[in-house]
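> The structure under discussion is supplied below as structure tokens; questions concerning it will follow.
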Amino acid sequence: MQEGLLIYDKSVSGRRGYTLPDTESGETELLDMIPDQFRRNEDAELPEITEPETMRHFVALSVKNHHIEKGFYPLGSCTMKYNPKRNDAAASLKGFECHHPLAPCSSSKGLLELMYGLMSDLGEISGFDQVSLQPVAGAQGEFAGLLIMQAYHRERGDSRTKIIIPDSAHGTNPASVSSVGYTTVQIKSNEQGIIAPESVAEVMDETVAGMMLTNPNTLGIFETHCKEIAEIVHFHGGLMYMDGANLNANMGIFRPGDVGFDMMHFNLHKTMSTPHGGGGPGGGAIGVIRELGKYLPYPVLEKDDKSELFFNYDRPHSIGRLHSFFGNFANMVRAFAYIRTLGGKGVRRVSENAVLNANYLKELLKDSFDLPYAGHCMHEFVLSGNRQKKKGVRTFDMAKRMLDFGIHPPTVYFPLIVQEAMMIEPTETETKETLDKFIETMRTIAKEVEESPEMVTGAPHNTIVKRLDEVGAVRNLDVCLRS
Amino acid sequence: MNIPAELRYTKEHEWIKLEGNVATIGITDYAQGELGDIVFVELPNVGDKLEQMQAFGTIEAVKAVSDIYSPLSGKVTEVNSALDDEPMIINSDPYATGWMIKLELTNVSELEQMLTADGYKELIG
């Protein structure tokens, strides 16, 4: 760790950022009131620093970092859209922020109404009958969905063992499959970058519990055969799971529940504009068809015969509990504020503009880079750096070079079926000027690869830190503040 | 691209060196270049029996994790334990000190299915 970077390095003994009134009794007497077993053995090691120095410290760090409030962030599959501040303001309302999670339902009515409203909105957007807000990440939503699949088959005395997953899927899909004890059957995408029904029919039988499909897929292409695929899977008694990571392309246009999907997860932290990155907190709500509702994680928010909301713990078929309390509530407030601010038509415009922006970038970049899957894309698209690789410059190098222009690189080397992949998702929140600047930057880099490749292979030149030791970061990970 | 003429190769980018009925197996220079910096290698135990095309280990690079498939059937007689501490040897010296396992072959004729250096060169274009 570089010296002077931590707030602890700025600590000076005795310095304070606050003043407290004198206590009438002495400090020692106060301490005496705390029984020995509840007292620390030594003082907490906290930095001693003034308020302005504290502000400067954290503002300086935020300037060194790249974030959506500082620059363009087209990180494919992550939907790094701008998060309107009114959503944060809503989540900070005292009634939400200060409410205790163990408070009884009778004094939590506003919060429960909000959760119920969000459940109903997500149901409307996705076409599913029942929603659980409990999972706190996309992968936990997948885990929940697969446990539901398992519970469904078990109840039928059916011991299926396999899940079908396309080769373009997010890595979390096979990981979740493995977590619940199923095994993965991988199928290949065709030349158009989508799954052909025949490839599903080839592997689908009575040993397969279901299929996970992302739509649009990670190439940013709409799986046009999803309805037919669902029919094949259902014919053999399987269930269809939709990975909702790319919901930002679908809202108000395509409802998975209408075309044969049986369940899906939402990434509230992506699509519904909750700040994310850095590992959380997330919101991985799931939606299911009516028949699967009884398996949802408990407690389930329901209305009693007087239309009062309550948490129902009496759910004998439930897969169990996935998280303490009721999920990440502040995320739900932000998601609800987001949806209700935009309204039904606004939500549809989000998806339309996300798709329009991605197609605009794709059309104006396809001459400078290889575009392995041509045609219309949805909210993101995947370029290949193969042309540049022949000149000795890898996608990795170009990603580093983008940092010099104040742009966060796209997702690179994913999906795995595209060599030297760059997966670009501009989101709906960017102006034409920002998109044009990105196009210009990408063309500049492509030109540099031809004329002065060392500019790219030696990048970044203008950032606070240069190339990091990525191997060391994996092999010698040290997250301790001090050794 | 370094493709030693005396070795045999697979479509999965492994090389095979046969001495008697013992095959030494590793990944090619092309494969290590595609994977990038390798951070971890998981190898089988000595004595494990492998079928042809059975996954025998994993290789973790900064970019991605991949399975490694046994090109031939046989019994593992030795694994390169130096890779535990320094997997990046595979990046710097894939054909010699970066070898992965030695297999006592149960069916030497399987070797005939393997690509020659010329065949492999054609494959990676």
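Residue names in the structure tokens use chain letters A, B, ... in the order shown, residue numbers from 1 in each chain, and ligand numbers from 1 in the order shown.
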Got a sec: who's within 8 Å of segment 12-27 of chain A, counting only C-alpha atoms, leaving out chain neighbours fewer than 5 positions off, as a list of chain:residue names?

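Here the qualifying residues turn out to be A:Pro47, A:Glu48, A:Ile49, A:Thr50, A:Glu51.
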
> So that I can check the secondary structure, give me every residue of chain B assigned alpha helix (DSSP H) by backbone DSSP, as a PDB file with N, CA and C atoms, in the first residue's frame.


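After the write, selection30.pdb holds the following:
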```pdb
ATOM      1  N   ASP B  29       2.633 -23.234 -26.683  1.00  0.00           N
ATOM      2  CA  ASP B  29       3.009 -21.826 -26.614  1.00  0.00           C
ATOM      3  C   ASP B  29       1.820 -20.952 -27.013  1.00  0.00           C
ATOM      4  N   TYR B  30       1.099 -21.392 -28.060  1.00  0.00           N
ATOM      5  CA  TYR B  30      -0.089 -20.656 -28.496  1.00  0.00           C
ATOM      6  C   TYR B  30      -1.113 -20.592 -27.364  1.00  0.00           C
ATOM      7  N   ALA B  31      -1.333 -21.724 -26.699  1.00  0.00           N
ATOM      8  CA  ALA B  31      -2.334 -21.785 -25.628  1.00  0.00           C
ATOM      9  C   ALA B  31      -1.960 -20.851 -24.481  1.00  0.00           C
ATOM     10  N   GLN B  32      -0.691 -20.870 -24.083  1.00  0.00           N
ATOM     11  CA  GLN B  32      -0.306 -20.003 -22.963  1.00  0.00           C
ATOM     12  C   GLN B  32      -0.451 -18.531 -23.350  1.00  0.00           C
ATOM     13  N   GLY B  33      -0.186 -18.225 -24.638  1.00  0.00           N
ATOM     14  CA  GLY B  33      -0.330 -16.842 -25.104  1.00  0.00           C
ATOM     15  C   GLY B  33      -1.786 -16.390 -25.079  1.00  0.00           C
ATOM     16  N   GLU B  34      -2.680 -17.309 -25.468  1.00  0.00           N
ATOM     17  CA  GLU B  34      -4.110 -16.992 -25.468  1.00  0.00           C
ATOM     18  C   GLU B  34      -4.642 -16.838 -24.050  1.00  0.00           C
ATOM     19  N   LEU B  35      -4.160 -17.685 -23.155  1.00  0.00           N
ATOM     20  CA  LEU B  35      -4.653 -17.642 -21.775  1.00  0.00           C
ATOM     21  C   LEU B  35      -4.149 -16.404 -21.042  1.00  0.00           C
ATOM     22  N   ALA B  82       6.353 -28.264  -9.323  1.00  0.00           N
ATOM     23  CA  ALA B  82       6.908 -26.904  -9.356  1.00  0.00           C
ATOM     24  C   ALA B  82       5.835 -25.889  -9.752  1.00  0.00           C
ATOM     25  N   LEU B  83       4.778 -26.365 -10.452  1.00  0.00           N
ATOM     26  CA  LEU B  83       3.727 -25.454 -10.905  1.00  0.00           C
ATOM     27  C   LEU B  83       2.849 -24.964  -9.756  1.00  0.00           C
ATOM     28  N   ASP B  84       2.873 -25.691  -8.614  1.00  0.00           N
ATOM     29  CA  ASP B  84       2.090 -25.261  -7.450  1.00  0.00           C
ATOM     30  C   ASP B  84       2.490 -23.852  -7.032  1.00  0.00           C
ATOM     31  N   ASP B  85       3.798 -23.636  -6.944  1.00  0.00           N
ATOM     32  CA  ASP B  85       4.280 -22.327  -6.489  1.00  0.00           C
ATOM     33  C   ASP B  85       4.502 -21.348  -7.621  1.00  0.00           C
ATOM     34  N   ILE B  89       5.603 -20.575 -14.918  1.00  0.00           N
ATOM     35  CA  ILE B  89       6.611 -21.296 -15.714  1.00  0.00           C
ATOM     36  C   ILE B  89       5.991 -21.708 -17.049  1.00  0.00           C
ATOM     37  N   ILE B  90       4.685 -22.026 -17.004  1.00  0.00           N
ATOM     38  CA  ILE B  90       4.000 -22.437 -18.244  1.00  0.00           C
ATOM     39  C   ILE B  90       4.048 -21.316 -19.275  1.00  0.00           C
ATOM     40  N   ASN B  91       3.921 -20.066 -18.816  1.00  0.00           N
ATOM     41  CA  ASN B  91       4.010 -18.930 -19.735  1.00  0.00           C
ATOM     42  C   ASN B  91       5.413 -18.779 -20.318  1.00  0.00           C
ATOM     43  N   SER B  92       6.431 -18.986 -19.465  1.00  0.00           N
ATOM     44  CA  SER B  92       7.789 -18.671 -19.920  1.00  0.00           C
ATOM     45  C   SER B  92       8.439 -19.849 -20.641  1.00  0.00           C
ATOM     46  N   ALA B 117       3.288 -31.549 -35.852  1.00  0.00           N
ATOM     47  CA  ALA B 117       3.591 -30.123 -35.741  1.00  0.00           C
ATOM     48  C   ALA B 117       2.993 -29.353 -36.917  1.00  0.00           C
ATOM     49  N   ASP B 118       3.079 -29.926 -38.112  1.00  0.00           N
ATOM     50  CA  ASP B 118       2.526 -29.252 -39.300  1.00  0.00           C
ATOM     51  C   ASP B 118       0.996 -29.132 -39.198  1.00  0.00           C
ATOM     52  N   GLY B 119       0.395 -30.235 -38.744  1.00  0.00           N
ATOM     53  CA  GLY B 119      -1.065 -30.243 -38.599  1.00  0.00           C
ATOM     54  C   GLY B 119      -1.522 -29.196 -37.592  1.00  0.00           C
ATOM     55  N   TYR B 120      -0.761 -29.081 -36.516  1.00  0.00           N
ATOM     56  CA  TYR B 120      -1.131 -28.117 -35.467  1.00  0.00           C
ATOM     57  C   TYR B 120      -0.956 -26.680 -35.966  1.00  0.00           C
ATOM     58  N   LYS B 121       0.112 -26.491 -36.715  1.00  0.00           N
ATOM     59  CA  LYS B 121       0.400 -25.166 -37.272  1.00  0.00           C
ATOM     60  C   LYS B 121      -0.758 -24.714 -38.168  1.00  0.00           C
ATOM     61  N   GLU B 122      -1.270 -25.665 -38.938  1.00  0.00           N
ATOM     62  CA  GLU B 122      -2.397 -25.391 -39.825  1.00  0.00           C
ATOM     63  C   GLU B 122      -3.649 -25.023 -39.000  1.00  0.00           C
ATOM     64  N   LEU B 123      -3.838 -25.753 -37.889  1.00  0.00           N
ATOM     65  CA  LEU B 123      -5.007 -25.545 -37.040  1.00  0.00           C
ATOM     66  C   LEU B 123      -5.067 -24.120 -36.487  1.00  0.00           C
ATOM     67  N   ILE B 124      -3.923 -23.639 -35.998  1.00  0.00           N
ATOM     68  CA  ILE B 124      -3.964 -22.317 -35.364  1.00  0.00           C
ATOM     69  C   ILE B 124      -3.745 -21.196 -36.371  1.00  0.00           C
TER      70      ILE B 124
END
```

> Fewer than 6 positions away in the same chain doesn't count, so skip those; otherwise give me all residues within 9 Å of Ile148 of chain A, counting only C-alpha atoms, as a ChimeraX atom specification.

/A:292,295-297,318-319

> Include N, CA and C atoms and write out the residues we just selected as an mmCIF file, in the first residue's frame.


```
data_model
loop_
_atom_site.group_PDB
_atom_site.id
_atom_site.type_symbol
_atom_site.label_atom_id
_atom_site.label_comp_id
_atom_site.auth_asym_id
_atom_site.auth_seq_id
_atom_site.Cartn_x
_atom_site.Cartn_y
_atom_site.Cartn_z
ATOM 1 N N LEU A 292 -45.506 -22.226 -9.325
ATOM 2 C CA LEU A 292 -44.266 -22.356 -8.554
ATOM 3 C C LEU A 292 -44.248 -21.452 -7.326
ATOM 4 N N TYR A 295 -43.204 -22.453 -3.689
ATOM 5 C CA TYR A 295 -41.813 -22.796 -3.354
ATOM 6 C C TYR A 295 -40.958 -21.575 -3.017
ATOM 7 N N LEU A 296 -41.499 -20.386 -3.230
ATOM 8 C CA LEU A 296 -40.698 -19.167 -3.023
ATOM 9 C C LEU A 296 -40.122 -19.112 -1.612
ATOM 10 N N PRO A 297 -38.981 -18.420 -1.449
ATOM 11 C CA PRO A 297 -38.399 -18.322 -0.112
ATOM 12 C C PRO A 297 -39.391 -17.674 0.868
ATOM 13 N N SER A 318 -41.937 -24.130 0.896
ATOM 14 C CA SER A 318 -40.897 -23.143 0.582
ATOM 15 C C SER A 318 -39.510 -23.768 0.558
ATOM 16 N N ILE A 319 -38.636 -23.216 -0.297
ATOM 17 C CA ILE A 319 -37.241 -23.671 -0.337
ATOM 18 C C ILE A 319 -36.481 -23.178 0.885
#
```

> May I have the residues within 8 Å of Ala23 of chain B as an NGL selection string, using only C-alpha atoms and disregarding those fewer than 2 positions away in the same chain?

:B and (16-19 or 21 or 25 or 102-105)

> Give one line per residue of chain B that approaches chain A to at most 7 Å, naming the two atoms of the closest pair and their distance in Å to one decimal, counting only C-alpha atoms; sort by chain then ascending residue number and deliver it as a Markdown table.


```
| residue | atom | partner | partner_atom | distance |
| --- | --- | --- | --- | --- |
| B:Asp37 | CA | A:Val471 | CA | 6.6 |
| B:Val39 | CA | A:Val471 | CA | 5.8 |
| B:Val62 | CA | A:Val471 | CA | 6.6 |
| B:Lys63 | CA | A:Tyr413 | CA | 6.8 |
```

> Could you check the closest approach to Val65 of chain B for each of A:Gly287, A:Gly71, A:Gly138, A:Gly171 and tell me which residue wins, using only C-alpha atoms?

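Using only C-alpha atoms, the shortest distance to Val65 of chain B belongs to A:Gly171.
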
> Which residues, written as a PDB file with N, CA and C atoms, in the first residue's frame, have at least one atom at most 12 Å from Ala91 of chain A, with only C-alpha atoms counted and residues fewer than 4 positions away on the same chain left out?


```pdb
ATOM      1  N   PRO A  84     -30.332   8.070 -10.735  1.00  0.00           N
ATOM      2  CA  PRO A  84     -30.879   9.372 -10.339  1.00  0.00           C
ATOM      3  C   PRO A  84     -30.839   9.556  -8.824  1.00  0.00           C
ATOM      4  N   LYS A  85     -30.460  10.763  -8.400  1.00  0.00           N
ATOM      5  CA  LYS A  85     -30.277  11.019  -6.968  1.00  0.00           C
ATOM      6  C   LYS A  85     -31.585  10.995  -6.183  1.00  0.00           C
ATOM      7  N   ARG A  86     -32.704  11.214  -6.885  1.00  0.00           N
ATOM      8  CA  ARG A  86     -33.963  11.195  -6.138  1.00  0.00           C
ATOM      9  C   ARG A  86     -34.215   9.815  -5.532  1.00  0.00           C
ATOM     10  N   ASN A  87     -33.687   8.779  -6.171  1.00  0.00           N
ATOM     11  CA  ASN A  87     -33.865   7.434  -5.611  1.00  0.00           C
ATOM     12  C   ASN A  87     -33.107   7.290  -4.295  1.00  0.00           C
ATOM     13  N   GLY A  95     -38.108   7.655   7.754  1.00  0.00           N
ATOM     14  CA  GLY A  95     -39.046   6.566   8.012  1.00  0.00           C
ATOM     15  C   GLY A  95     -38.537   5.222   7.499  1.00  0.00           C
ATOM     16  N   PHE A  96     -37.771   5.273   6.421  1.00  0.00           N
ATOM     17  CA  PHE A  96     -37.173   4.031   5.892  1.00  0.00           C
ATOM     18  C   PHE A  96     -35.880   3.718   6.607  1.00  0.00           C
ATOM     19  N   GLU A  97     -35.028   4.757   6.652  1.00  0.00           N
ATOM     20  CA  GLU A  97     -33.657   4.546   7.110  1.00  0.00           C
ATOM     21  C   GLU A  97     -33.606   4.109   8.571  1.00  0.00           C
ATOM     22  N   CYS A  98     -34.497   4.671   9.393  1.00  0.00           N
ATOM     23  CA  CYS A  98     -34.406   4.421  10.838  1.00  0.00           C
ATOM     24  C   CYS A  98     -35.338   3.305  11.305  1.00  0.00           C
ATOM     25  N   HIS A  99     -36.035   2.684  10.377  1.00  0.00           N
ATOM     26  CA  HIS A  99     -36.983   1.662  10.806  1.00  0.00           C
ATOM     27  C   HIS A  99     -36.246   0.372  11.172  1.00  0.00           C
ATOM     28  N   LEU A 111     -43.667   0.626   4.708  1.00  0.00           N
ATOM     29  CA  LEU A 111     -42.590  -0.152   4.107  1.00  0.00           C
ATOM     30  C   LEU A 111     -43.138  -1.380   3.392  1.00  0.00           C
ATOM     31  N   LEU A 114     -44.689  -0.474   0.163  1.00  0.00           N
ATOM     32  CA  LEU A 114     -43.682  -0.240  -0.870  1.00  0.00           C
ATOM     33  C   LEU A 114     -43.202  -1.572  -1.450  1.00  0.00           C
ATOM     34  N   THR A 274     -29.933   0.993  -9.055  1.00  0.00           N
ATOM     35  CA  THR A 274     -29.341   1.105  -7.724  1.00  0.00           C
ATOM     36  C   THR A 274     -27.829   1.110  -7.885  1.00  0.00           C
ATOM     37  N   PRO A 275     -27.118   2.018  -7.209  1.00  0.00           N
ATOM     38  CA  PRO A 275     -25.656   2.033  -7.363  1.00  0.00           C
ATOM     39  C   PRO A 275     -25.086   0.635  -7.131  1.00  0.00           C
ATOM     40  N   ASN A 328     -32.418  -6.756   0.747  1.00  0.00           N
ATOM     41  CA  ASN A 328     -31.812  -5.426   0.878  1.00  0.00           C
ATOM     42  C   ASN A 328     -32.865  -4.351   0.637  1.00  0.00           C
ATOM     43  N   PHE A 329     -33.439  -3.875   1.733  1.00  0.00           N
ATOM     44  CA  PHE A 329     -34.597  -2.995   1.624  1.00  0.00           C
ATOM     45  C   PHE A 329     -34.310  -1.684   0.893  1.00  0.00           C
ATOM     46  N   ALA A 330     -33.148  -1.068   1.194  1.00  0.00           N
ATOM     47  CA  ALA A 330     -32.855   0.233   0.566  1.00  0.00           C
ATOM     48  C   ALA A 330     -32.808   0.120  -0.960  1.00  0.00           C
ATOM     49  N   ASN A 331     -32.366  -1.020  -1.457  1.00  0.00           N
ATOM     50  CA  ASN A 331     -32.386  -1.246  -2.907  1.00  0.00           C
ATOM     51  C   ASN A 331     -33.817  -1.253  -3.439  1.00  0.00           C
ATOM     52  N   MET A 332     -34.703  -1.843  -2.638  1.00  0.00           N
ATOM     53  CA  MET A 332     -36.106  -1.916  -3.075  1.00  0.00           C
ATOM     54  C   MET A 332     -36.700  -0.512  -3.167  1.00  0.00           C
ATOM     55  N   VAL A 333     -36.343   0.345  -2.210  1.00  0.00           N
ATOM     56  CA  VAL A 333     -36.870   1.714  -2.243  1.00  0.00           C
ATOM     57  C   VAL A 333     -36.400   2.406  -3.514  1.00  0.00           C
ATOM     58  N   ARG A 334     -35.115   2.249  -3.812  1.00  0.00           N
ATOM     59  CA  ARG A 334     -34.567   2.898  -5.012  1.00  0.00           C
ATOM     60  C   ARG A 334     -35.239   2.360  -6.271  1.00  0.00           C
ATOM     61  N   ALA A 335     -35.400   1.041  -6.347  1.00  0.00           N
ATOM     62  CA  ALA A 335     -36.017   0.431  -7.527  1.00  0.00           C
ATOM     63  C   ALA A 335     -37.459   0.913  -7.690  1.00  0.00           C
ATOM     64  N   PHE A 336     -38.174   0.971  -6.580  1.00  0.00           N
ATOM     65  CA  PHE A 336     -39.575   1.404  -6.625  1.00  0.00           C
ATOM     66  C   PHE A 336     -39.670   2.860  -7.059  1.00  0.00           C
ATOM     67  N   ALA A 337     -38.793   3.704  -6.468  1.00  0.00           N
ATOM     68  CA  ALA A 337     -38.779   5.125  -6.837  1.00  0.00           C
ATOM     69  C   ALA A 337     -38.468   5.277  -8.325  1.00  0.00           C
ATOM     70  N   TYR A 338     -37.544   4.465  -8.802  1.00  0.00           N
ATOM     71  CA  TYR A 338     -37.138   4.519 -10.207  1.00  0.00           C
ATOM     72  C   TYR A 338     -38.312   4.176 -11.129  1.00  0.00           C
TER      73      TYR A 338
END
```

> What separation in Å, quoted to one decimal, exists between atom CA of Pro4 of chain B and atom CA of Pro94 of chain B?

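Distance between the two atoms: 11.0 Å.
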
> For segment 176-180 of chain A, find every residue with an atom within 12 Å (counting only C-alpha atoms), except residues of its own chain fewer than 3 positions away, and show them as a PDB file with C-alpha atoms, in the first residue's frame.


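The result, written out as selection-v6.pdb:
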```
ATOM      1  CA  ALA A 137     -27.754 -10.756  -5.876  1.00  0.00           C
ATOM      2  CA  GLY A 138     -28.357 -12.030  -9.374  1.00  0.00           C
ATOM      3  CA  ALA A 139     -26.485 -15.228  -8.564  1.00  0.00           C
ATOM      4  CA  GLN A 140     -28.586 -15.702  -5.425  1.00  0.00           C
ATOM      5  CA  GLY A 141     -31.687 -15.286  -7.575  1.00  0.00           C
ATOM      6  CA  GLU A 142     -30.344 -18.047  -9.839  1.00  0.00           C
ATOM      7  CA  PHE A 143     -29.645 -20.197  -6.799  1.00  0.00           C
ATOM      8  CA  ALA A 144     -33.200 -19.629  -5.546  1.00  0.00           C
ATOM      9  CA  GLY A 145     -34.668 -20.406  -8.977  1.00  0.00           C
ATOM     10  CA  LEU A 146     -32.746 -23.656  -9.266  1.00  0.00           C
ATOM     11  CA  LEU A 147     -33.765 -24.703  -5.755  1.00  0.00           C
ATOM     12  CA  ILE A 148     -37.372 -24.053  -6.795  1.00  0.00           C
ATOM     13  CA  MET A 149     -36.844 -26.228  -9.883  1.00  0.00           C
ATOM     14  CA  GLN A 150     -35.451 -28.943  -7.663  1.00  0.00           C
ATOM     15  CA  ALA A 151     -38.358 -28.691  -5.200  1.00  0.00           C
ATOM     16  CA  THR A 161     -29.919 -34.099 -12.606  1.00  0.00           C
ATOM     17  CA  LYS A 162     -29.076 -31.776 -15.489  1.00  0.00           C
ATOM     18  CA  ILE A 163     -29.542 -28.174 -16.606  1.00  0.00           C
ATOM     19  CA  ILE A 164     -29.048 -26.951 -20.177  1.00  0.00           C
ATOM     20  CA  ILE A 165     -26.978 -23.778 -20.553  1.00  0.00           C
ATOM     21  CA  ALA A 169     -24.108 -17.741 -20.667  1.00  0.00           C
ATOM     22  CA  HIS A 170     -22.845 -15.771 -17.708  1.00  0.00           C
ATOM     23  CA  GLY A 171     -20.392 -17.779 -15.610  1.00  0.00           C
ATOM     24  CA  THR A 172     -22.764 -17.573 -12.662  1.00  0.00           C
ATOM     25  CA  ASN A 173     -25.217 -19.930 -14.438  1.00  0.00           C
ATOM     26  CA  THR A 183     -24.674 -30.791 -13.651  1.00  0.00           C
ATOM     27  CA  THR A 184     -24.441 -28.532 -16.697  1.00  0.00           C
ATOM     28  CA  VAL A 185     -25.100 -29.571 -20.283  1.00  0.00           C
ATOM     29  CA  GLN A 186     -23.607 -26.902 -22.504  1.00  0.00           C
ATOM     30  CA  VAL A 208     -32.960 -32.602 -17.649  1.00  0.00           C
ATOM     31  CA  ALA A 209     -34.551 -30.460 -14.924  1.00  0.00           C
ATOM     32  CA  GLY A 210     -34.640 -27.320 -16.998  1.00  0.00           C
ATOM     33  CA  MET A 211     -32.824 -24.740 -19.045  1.00  0.00           C
ATOM     34  CA  MET A 212     -31.333 -21.359 -18.218  1.00  0.00           C
ATOM     35  CA  TYR A 241     -35.316 -20.137 -16.251  1.00  0.00           C
ATOM     36  CA  ASP A 243     -31.423 -14.935 -16.477  1.00  0.00           C
ATOM     37  CA  ILE A 319     -37.241 -23.671  -0.337  1.00  0.00           C
TER      38      ILE A 319
END
```

> Can you list, as an NGL selection string, every residue of segment 160-367 of chain A that DSSP puts in strand (DSSP E)?

:A and (162-166 or 183-187 or 208-214 or 239-244 or 263-266 or 286-288 or 300-303 or 309-312)

> Would you save the residues from that selection as a short mmCIF file (atom, residue, chain, number, x, y, z; two decimals), in the first residue's frame, using N, CA and C atoms?


```cif
data_model
loop_
_atom_site.label_atom_id
_atom_site.label_comp_id
_atom_site.auth_asym_id
_atom_site.auth_seq_id
_atom_site.Cartn_x
_atom_site.Cartn_y
_atom_site.Cartn_z
N LYS A 162 -29.84 -32.64 -14.57
CA LYS A 162 -29.08 -31.78 -15.49
C LYS A 162 -29.80 -30.47 -15.82
N ILE A 163 -29.01 -29.46 -16.15
CA ILE A 163 -29.54 -28.17 -16.61
C ILE A 163 -28.83 -27.81 -17.91
N ILE A 164 -29.62 -27.37 -18.89
CA ILE A 164 -29.05 -26.95 -20.18
C ILE A 164 -28.67 -25.47 -20.11
N ILE A 165 -27.46 -25.16 -20.56
CA ILE A 165 -26.98 -23.78 -20.55
C ILE A 165 -26.23 -23.49 -21.85
N PRO A 166 -26.54 -22.36 -22.52
CA PRO A 166 -25.82 -22.01 -23.75
C PRO A 166 -24.35 -21.64 -23.46
N THR A 183 -25.81 -30.94 -12.74
CA THR A 183 -24.67 -30.79 -13.65
C THR A 183 -25.12 -30.04 -14.90
N THR A 184 -24.16 -29.39 -15.56
CA THR A 184 -24.44 -28.53 -16.70
C THR A 184 -24.28 -29.29 -18.02
N VAL A 185 -25.25 -29.10 -18.91
CA VAL A 185 -25.10 -29.57 -20.28
C VAL A 185 -24.97 -28.31 -21.13
N GLN A 186 -23.81 -28.13 -21.74
CA GLN A 186 -23.61 -26.90 -22.50
C GLN A 186 -23.99 -27.10 -23.96
N ILE A 187 -24.72 -26.12 -24.52
CA ILE A 187 -25.03 -26.20 -25.94
C ILE A 187 -24.47 -24.97 -26.66
N VAL A 208 -33.28 -34.03 -17.72
CA VAL A 208 -32.96 -32.60 -17.65
C VAL A 208 -34.04 -31.85 -16.85
N ALA A 209 -33.60 -31.17 -15.79
CA ALA A 209 -34.55 -30.46 -14.92
C ALA A 209 -35.05 -29.17 -15.56
N GLY A 210 -34.22 -28.57 -16.38
CA GLY A 210 -34.64 -27.32 -17.00
C GLY A 210 -33.52 -26.67 -17.78
N MET A 211 -33.81 -25.46 -18.25
CA MET A 211 -32.82 -24.74 -19.05
C MET A 211 -32.74 -23.30 -18.56
N MET A 212 -31.52 -22.77 -18.56
CA MET A 212 -31.33 -21.36 -18.22
C MET A 212 -30.98 -20.62 -19.50
N LEU A 213 -31.70 -19.53 -19.76
CA LEU A 213 -31.44 -18.77 -20.97
C LEU A 213 -31.42 -17.28 -20.62
N THR A 214 -30.45 -16.57 -21.17
CA THR A 214 -30.39 -15.13 -20.97
C THR A 214 -30.94 -14.49 -22.24
N LEU A 239 -38.31 -27.15 -16.79
CA LEU A 239 -38.74 -25.77 -16.56
C LEU A 239 -37.75 -24.80 -17.22
N MET A 240 -38.26 -23.61 -17.54
CA MET A 240 -37.43 -22.60 -18.21
C MET A 240 -37.09 -21.47 -17.25
N TYR A 241 -35.79 -21.23 -17.11
CA TYR A 241 -35.32 -20.14 -16.25
C TYR A 241 -34.79 -19.02 -17.14
N MET A 242 -35.18 -17.80 -16.86
CA MET A 242 -34.59 -16.69 -17.60
C MET A 242 -33.65 -15.90 -16.70
N ASP A 243 -32.40 -15.78 -17.15
CA ASP A 243 -31.42 -14.93 -16.48
C ASP A 243 -31.76 -13.50 -16.87
N GLY A 244 -32.16 -12.70 -15.90
CA GLY A 244 -32.65 -11.35 -16.19
C GLY A 244 -31.59 -10.27 -16.20
N MET A 263 -39.69 -18.86 -14.71
CA MET A 263 -39.13 -18.06 -13.62
C MET A 263 -37.99 -17.20 -14.14
N MET A 264 -37.66 -16.16 -13.40
CA MET A 264 -36.51 -15.35 -13.77
C MET A 264 -36.01 -14.59 -12.56
N HIS A 265 -34.80 -14.05 -12.66
CA HIS A 265 -34.37 -13.12 -11.62
C HIS A 265 -34.20 -11.74 -12.24
N PHE A 266 -34.39 -10.75 -11.42
CA PHE A 266 -34.18 -9.35 -11.80
C PHE A 266 -32.88 -8.91 -11.13
N ILE A 286 -36.78 -12.47 -7.57
CA ILE A 286 -37.17 -13.47 -8.56
C ILE A 286 -38.68 -13.44 -8.79
N GLY A 287 -39.06 -13.78 -10.00
CA GLY A 287 -40.47 -13.88 -10.35
C GLY A 287 -40.74 -15.30 -10.84
N VAL A 288 -41.93 -15.83 -10.52
CA VAL A 288 -42.27 -17.20 -10.96
C VAL A 288 -43.72 -17.26 -11.43
N VAL A 300 -43.23 -14.81 3.09
CA VAL A 300 -43.80 -14.22 1.88
C VAL A 300 -44.77 -13.12 2.29
N LEU A 301 -44.62 -11.97 1.64
CA LEU A 301 -45.49 -10.84 1.95
C LEU A 301 -46.86 -11.07 1.30
N GLU A 302 -47.89 -11.14 2.14
CA GLU A 302 -49.23 -11.44 1.61
C GLU A 302 -50.26 -10.50 2.23
N LYS A 303 -51.45 -10.49 1.65
CA LYS A 303 -52.56 -9.72 2.23
C LYS A 303 -53.49 -10.69 2.94
N LEU A 309 -51.35 -6.18 5.03
CA LEU A 309 -50.13 -6.91 4.64
C LEU A 309 -49.49 -7.58 5.86
N PHE A 310 -49.01 -8.79 5.68
CA PHE A 310 -48.28 -9.49 6.75
C PHE A 310 -47.29 -10.46 6.12
N PHE A 311 -46.29 -10.84 6.92
CA PHE A 311 -45.31 -11.82 6.44
C PHE A 311 -45.78 -13.22 6.81
N ASN A 312 -46.01 -14.03 5.81
CA ASN A 312 -46.47 -15.40 6.05
C ASN A 312 -45.26 -16.33 6.17
#
```

> With only C-alpha atoms as the basis for distance, which of B:Pro44, B:Gly125, B:Gly20, B:Pro71 is at the shortest distance from Arg8 of chain B?

B:Pro71
